[in-house]
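Below: target08.pdb (PDB, C-alpha atoms)
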ATOM      1  CA  GLN A   1       9.686   8.726  13.038
ATOM      2  CA  VAL A   2       7.352   8.586  10.043
ATOM      3  CA  GLN A   3       3.598   8.648  10.493
ATOM      4  CA  LEU A   4       1.532   7.082   7.730
ATOM      5  CA  VAL A   5      -2.174   7.732   7.235
ATOM      6  CA  GLU A   6      -4.158   5.598   4.803
ATOM      7  CA  SER A   7      -7.437   6.611   3.208
ATOM      8  CA  GLY A   8      -9.726   5.575   0.392
ATOM      9  CA  GLY A   9     -11.026   2.252   1.623
ATOM     10  CA  GLY A  10     -14.684   1.306   1.585
ATOM     11  CA  LEU A  11     -17.331  -1.022   0.232
ATOM     12  CA  VAL A  12     -17.314  -1.752  -3.481
ATOM     13  CA  GLN A  13     -19.071  -4.258  -5.719
ATOM     14  CA  PRO A  14     -17.129  -6.984  -7.519
ATOM     15  CA  GLY A  15     -15.567  -5.568 -10.657
ATOM     16  CA  GLY A  16     -15.387  -2.094  -9.184
ATOM     17  CA  SER A  17     -12.428   0.142  -8.413
ATOM     18  CA  LEU A  18     -10.932   1.935  -5.439
ATOM     19  CA  ARG A  19      -7.905   4.158  -5.008
ATOM     20  CA  LEU A  20      -6.049   3.999  -1.722
ATOM     21  CA  SER A  21      -3.778   6.813  -0.578
ATOM     22  CA  CYS A  22      -1.095   6.856   2.089
ATOM     23  CA  ALA A  23       0.203  10.212   3.244
ATOM     24  CA  ALA A  24       3.512  10.363   5.093
ATOM     25  CA  SER A  25       4.411  12.930   7.716
ATOM     26  CA  ARG A  26       8.054  13.383   6.824
ATOM     27  CA  SER A  27       9.551  15.412   4.029
ATOM     28  CA  THR A  28      12.197  12.683   3.711
ATOM     29  CA  PHE A  29       9.518  10.439   2.191
ATOM     30  CA  SER A  30      11.516  10.121  -1.009
ATOM     31  CA  VAL A  31      14.253   8.026   0.658
ATOM     32  CA  TYR A  32      11.791   5.329   1.699
ATOM     33  CA  ASP A  33      10.714   2.305  -0.291
ATOM     34  CA  MET A  34       6.942   2.088   0.040
ATOM     35  CA  GLY A  35       4.600  -0.860   0.085
ATOM     36  CA  TRP A  36       1.002  -1.910   0.449
ATOM     37  CA  TYR A  37       0.106  -4.987   2.457
ATOM     38  CA  ARG A  38      -3.213  -6.554   3.330
ATOM     39  CA  GLN A  39      -4.582  -8.857   5.987
ATOM     40  CA  ALA A  40      -7.821 -10.744   5.638
ATOM     41  CA  PRO A  41      -9.627 -12.236   8.672
ATOM     42  CA  GLY A  42      -7.859 -15.355   9.870
ATOM     43  CA  LYS A  43      -4.962 -14.900   7.470
ATOM     44  CA  GLN A  44      -1.434 -13.579   7.713
ATOM     45  CA  ARG A  45      -0.508 -10.161   6.436
ATOM     46  CA  GLU A  46       0.746 -10.355   2.856
ATOM     47  CA  SER A  47       2.540  -8.032   0.493
ATOM     48  CA  VAL A  48       0.374  -6.627  -2.284
ATOM     49  CA  ALA A  49       2.623  -4.153  -4.076
ATOM     50  CA  SER A  50       5.802  -2.192  -3.541
ATOM     51  CA  ILE A  51       7.657   0.688  -5.117
ATOM     52  CA  THR A  52      11.269   1.631  -4.552
ATOM     53  CA  THR A  53      12.752   5.084  -4.261
ATOM     54  CA  GLY A  54      13.741   4.740  -7.903
ATOM     55  CA  GLY A  55      10.239   3.838  -9.007
ATOM     56  CA  TRP A  56      10.682   0.095  -9.512
ATOM     57  CA  THR A  57       7.483  -1.766  -8.757
ATOM     58  CA  ASN A  58       6.607  -5.286  -7.713
ATOM     59  CA  TYR A  59       3.227  -6.995  -7.349
ATOM     60  CA  ALA A  60       1.785 -10.113  -5.831
ATOM     61  CA  ASP A  61       0.699 -12.562  -8.510
ATOM     62  CA  SER A  62      -2.887 -12.314  -7.300
ATOM     63  CA  VAL A  63      -3.118  -8.600  -8.177
ATOM     64  CA  LYS A  64      -0.913  -8.302 -11.262
ATOM     65  CA  GLY A  65      -2.727  -6.552 -14.073
ATOM     66  CA  ARG A  66      -5.411  -5.229 -11.723
ATOM     67  CA  PHE A  67      -3.564  -3.084  -9.154
ATOM     68  CA  THR A  68      -1.111  -0.247  -9.756
ATOM     69  CA  ILE A  69       1.149   1.311  -7.156
ATOM     70  CA  SER A  70       2.549   4.811  -7.649
ATOM     71  CA  ARG A  71       4.175   7.530  -5.602
ATOM     72  CA  ASP A  72       4.268  11.320  -5.614
ATOM     73  CA  ASP A  73       7.322  12.407  -3.657
ATOM     74  CA  ALA A  74       6.303  16.062  -3.880
ATOM     75  CA  LYS A  75       3.129  15.189  -1.959
ATOM     76  CA  ASN A  76       4.728  12.578   0.332
ATOM     77  CA  THR A  77       2.049  10.154  -0.831
ATOM     78  CA  VAL A  78       1.852   6.644  -2.229
ATOM     79  CA  TYR A  79      -1.214   5.324  -4.033
ATOM     80  CA  LEU A  80      -2.733   1.971  -4.832
ATOM     81  CA  GLN A  81      -5.168   1.949  -7.727
ATOM     82  CA  MET A  82      -7.279  -1.197  -7.507
ATOM     83  CA  ASN A  83      -9.375  -2.234 -10.495
ATOM     84  CA  SER A  84     -11.482  -5.310 -11.246
ATOM     85  CA  LEU A  85     -11.852  -5.969  -7.557
ATOM     86  CA  LYS A  86     -12.803  -9.425  -6.375
ATOM     87  CA  PRO A  87     -14.368 -10.610  -3.110
ATOM     88  CA  GLU A  88     -11.034 -12.209  -2.215
ATOM     89  CA  ASP A  89      -9.459  -8.733  -2.202
ATOM     90  CA  THR A  90     -11.447  -7.988   0.952
ATOM     91  CA  ALA A  91      -8.984  -7.151   3.725
ATOM     92  CA  VAL A  92      -7.493  -4.395   5.811
ATOM     93  CA  TYR A  93      -4.876  -2.659   3.679
ATOM     94  CA  TYR A  94      -1.761  -1.268   5.332
ATOM     95  CA  CYS A  95       0.843   1.154   4.079
ATOM     96  CA  ASN A  96       4.507   0.521   4.893
ATOM     97  CA  ALA A  97       7.594   2.708   4.669
ATOM     98  CA  ASN A  98      11.019   1.105   4.756
ATOM     99  CA  ARG A  99      14.407   2.800   4.633
ATOM    100  CA  ARG A 100      16.549   0.282   2.793
ATOM    101  CA  GLY A 101      19.746  -0.489   4.723
ATOM    102  CA  TRP A 102      18.365   0.987   7.956
ATOM    103  CA  PRO A 103      16.705  -1.914   9.845
ATOM    104  CA  GLY A 104      15.089   0.278  12.487
ATOM    105  CA  LEU A 105      13.446   2.615  10.028
ATOM    106  CA  ASN A 106      10.306   0.670   9.147
ATOM    107  CA  TYR A 107       6.843   2.121   9.720
ATOM    108  CA  TRP A 108       3.216   1.071   9.339
ATOM    109  CA  GLY A 109      -0.033   2.917   8.946
ATOM    110  CA  GLN A 110      -3.183   2.107  10.883
ATOM    111  CA  GLY A 111      -4.874   0.357   7.972
ATOM    112  CA  THR A 112      -7.968   0.964   5.890
ATOM    113  CA  GLN A 113     -10.757  -1.551   5.314
ATOM    114  CA  VAL A 114     -11.592  -2.666   1.781
ATOM    115  CA  THR A 115     -14.697  -4.787   1.358
ATOM    116  CA  VAL A 116     -15.679  -6.233  -2.005
ATOM    117  CA  SER A 117     -19.213  -7.538  -1.918
ATOM    118  CA  SER A 118     -22.451  -7.400  -3.827
TER     119      SER A 118
END

Starting from the file, lay out its structure as structure tokens.
Amino acid sequence: QVQLVESGGGLVQPGGSLRLSCAASRSTFSVYDMGWYRQAPGKQRESVASITTGGWTNYADSVKGRFTISRDDAKNTVYLQMNSLKPEDTAVYYCNANRRGWPGLNYWGQGTQVTVSS
């Protein structure tokens, strides 16, 4: 079992920045691919960014060039740096841990609210 705790959400003006953090409870964090997802009111949850155990990253087209995902395996933490925020980025952001090749080893955090508004 891996527990994930997100932090760093809040209210920010358009064009501003936020940095989300997701701390994992297990020291085996490094064997998990990590991802950030978001869900806006009335919409389905969507993938925002992901990073593999080897450091390969992938981004949704809507956030490319604005968001950066990174991980610190020594701190069991994954980050999402969000710059040039837009009102359409408003959503609850969730952290996900997935052990590739192990279907039952997939975990979610409780989510953190990001609101972009003037």

Tell me, in Å to one decimal, how far CA of Met34 in chain A is from CA of Ile51 in chain A.
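So the two atoms, CA of Met34 in chain A and CA of Ile51 in chain A, lie 5.4 Å apart.
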
Tell me, as a list in words, which residues lie within 7 Å of range 20-33 of chain A, counting all atoms listed in the file; anything in the same chain fewer than 2 positions away does not count.
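Here the qualifying residues turn out to be Val2, Gln3, Leu4, Val5, Glu6, Ser7, Gly8, Gly9, Leu18, Gly35, Ile51, Thr52, Thr53, Asp73, Asn76, Thr77, Val78, Tyr79, Leu80, Gln81, Cys95, Ala97, Asn98, Arg99 and Arg100 of chain A.
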
Could you expand the PyMOL selection byres ((chain A and resi 108) around 6) into the explicit residues it covers here, written as a list in words?
Cys95, Asn96, Tyr107 and Gly109 of chain A

Given the file above and the PyMOL selection byres ((chain A and resi 40) around 12), which residues are selected, and can you give them as number ranges by chain?
A: 37-39, 41-47, 87-94, 111-116

What's the 7 Å shell around Met82 in chain A, counting all atoms listed in the file, without same-chain residues fewer than 6 positions away, as number ranges by chain?
A: 17-19, 66-68

Pick out the residues sitting within 6 Å of Val48 in chain A, and hand them over as a list in words; count only C-alpha atoms, and ignore anything fewer than 3 positions along from it in its own chain.
Trp36, Tyr37, Tyr59 and Ala60 of chain A

Could you turn the residues from that selection into a file that holds C-alpha atoms, as a PDB file, keeping the file's coordinate frame?
ATOM      1  CA  TRP A  36       1.002  -1.910   0.449  1.00  0.00           C
ATOM      2  CA  TYR A  37       0.106  -4.987   2.457  1.00  0.00           C
ATOM      3  CA  TYR A  59       3.227  -6.995  -7.349  1.00  0.00           C
ATOM      4  CA  ALA A  60       1.785 -10.113  -5.831  1.00  0.00           C
TER       5      ALA A  60
END

Of the residues A:Asn83, A:Ser117, A:Thr57, A:Gln110, which is the one nearest to Gly16 in chain A, using only C-alpha atoms?
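Among A:Asn83, A:Ser117, A:Thr57, A:Gln110, it is A:Asn83 that comes nearest to Gly16 in chain A.
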
I'd like the interatomic distance between CA of Ser62 in chain A and CA of Ser50 in chain A, to a tenth of an Å.
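Distance reported for this atom pair: 13.9 Å.
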
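From CA of Ala49 in chain A back to CA of Leu105 in chain A, the distance works out to 19.0 Å.
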
Axis-aligned box over every listed atom of range 94-112 of chain A, padded by 6 Å per side: centre and edges in Å to one decimal, as lines of an AutoDock Vina configuration file?
center_x = 5.9
center_y = 0.5
center_z = 7.6
size_x = 39.7
size_y = 16.8
size_z = 21.7

Could you write range 91-108 of chain A as an mmCIF file, in the coordinates of the input, with N, CA and C atoms rebuilt where they are missing?
data_model
loop_
_atom_site.group_PDB
_atom_site.id
_atom_site.type_symbol
_atom_site.label_atom_id
_atom_site.label_comp_id
_atom_site.auth_asym_id
_atom_site.auth_seq_id
_atom_site.Cartn_x
_atom_site.Cartn_y
_atom_site.Cartn_z
ATOM 1 N N ALA A 91 -10.017 -7.102 2.693
ATOM 2 C CA ALA A 91 -8.984 -7.151 3.725
ATOM 3 C C ALA A 91 -8.784 -5.745 4.292
ATOM 4 N N VAL A 92 -8.009 -5.680 5.356
ATOM 5 C CA VAL A 92 -7.493 -4.395 5.811
ATOM 6 C C VAL A 92 -6.174 -4.152 5.083
ATOM 7 N N TYR A 93 -6.069 -2.997 4.456
ATOM 8 C CA TYR A 93 -4.876 -2.659 3.679
ATOM 9 C C TYR A 93 -4.005 -1.695 4.486
ATOM 10 N N TYR A 94 -2.720 -2.039 4.547
ATOM 11 C CA TYR A 94 -1.761 -1.268 5.332
ATOM 12 C C TYR A 94 -0.668 -0.694 4.435
ATOM 13 N N CYS A 95 -0.266 0.495 4.750
ATOM 14 C CA CYS A 95 0.843 1.154 4.079
ATOM 15 C C CYS A 95 2.112 0.938 4.905
ATOM 16 N N ASN A 96 3.230 0.738 4.230
ATOM 17 C CA ASN A 96 4.507 0.521 4.893
ATOM 18 C C ASN A 96 5.588 1.397 4.257
ATOM 19 N N ALA A 97 6.432 1.943 5.123
ATOM 20 C CA ALA A 97 7.594 2.708 4.669
ATOM 21 C C ALA A 97 8.849 2.050 5.215
ATOM 22 N N ASN A 98 9.800 1.790 4.346
ATOM 23 C CA ASN A 98 11.019 1.105 4.756
ATOM 24 C C ASN A 98 12.227 1.837 4.188
ATOM 25 N N ARG A 99 13.156 2.178 5.080
ATOM 26 C CA ARG A 99 14.407 2.800 4.633
ATOM 27 C C ARG A 99 15.406 1.667 4.395
ATOM 28 N N ARG A 100 15.662 1.372 3.162
ATOM 29 C CA ARG A 100 16.549 0.282 2.793
ATOM 30 C C ARG A 100 17.924 0.483 3.415
ATOM 31 N N GLY A 101 18.442 -0.575 4.091
ATOM 32 C CA GLY A 101 19.746 -0.489 4.723
ATOM 33 C C GLY A 101 19.720 0.060 6.132
ATOM 34 N N TRP A 102 18.533 0.462 6.604
ATOM 35 C CA TRP A 102 18.365 0.987 7.956
ATOM 36 C C TRP A 102 17.301 0.140 8.651
ATOM 37 N N PRO A 103 17.671 -0.958 9.304
ATOM 38 C CA PRO A 103 16.705 -1.914 9.845
ATOM 39 C C PRO A 103 15.673 -1.322 10.799
ATOM 40 N N GLY A 104 16.029 -0.289 11.520
ATOM 41 C CA GLY A 104 15.089 0.278 12.487
ATOM 42 C C GLY A 104 14.105 1.255 11.901
ATOM 43 N N LEU A 105 14.293 1.601 10.639
ATOM 44 C CA LEU A 105 13.446 2.615 10.028
ATOM 45 C C LEU A 105 12.402 1.938 9.148
ATOM 46 N N ASN A 106 11.394 1.379 9.813
ATOM 47 C CA ASN A 106 10.306 0.670 9.147
ATOM 48 C C ASN A 106 9.013 1.042 9.859
ATOM 49 N N TYR A 107 8.054 1.558 9.107
ATOM 50 C CA TYR A 107 6.843 2.121 9.720
ATOM 51 C C TYR A 107 5.590 1.598 9.030
ATOM 52 N N TRP A 108 4.503 1.547 9.829
ATOM 53 C CA TRP A 108 3.216 1.071 9.339
ATOM 54 C C TRP A 108 2.130 2.108 9.599
#
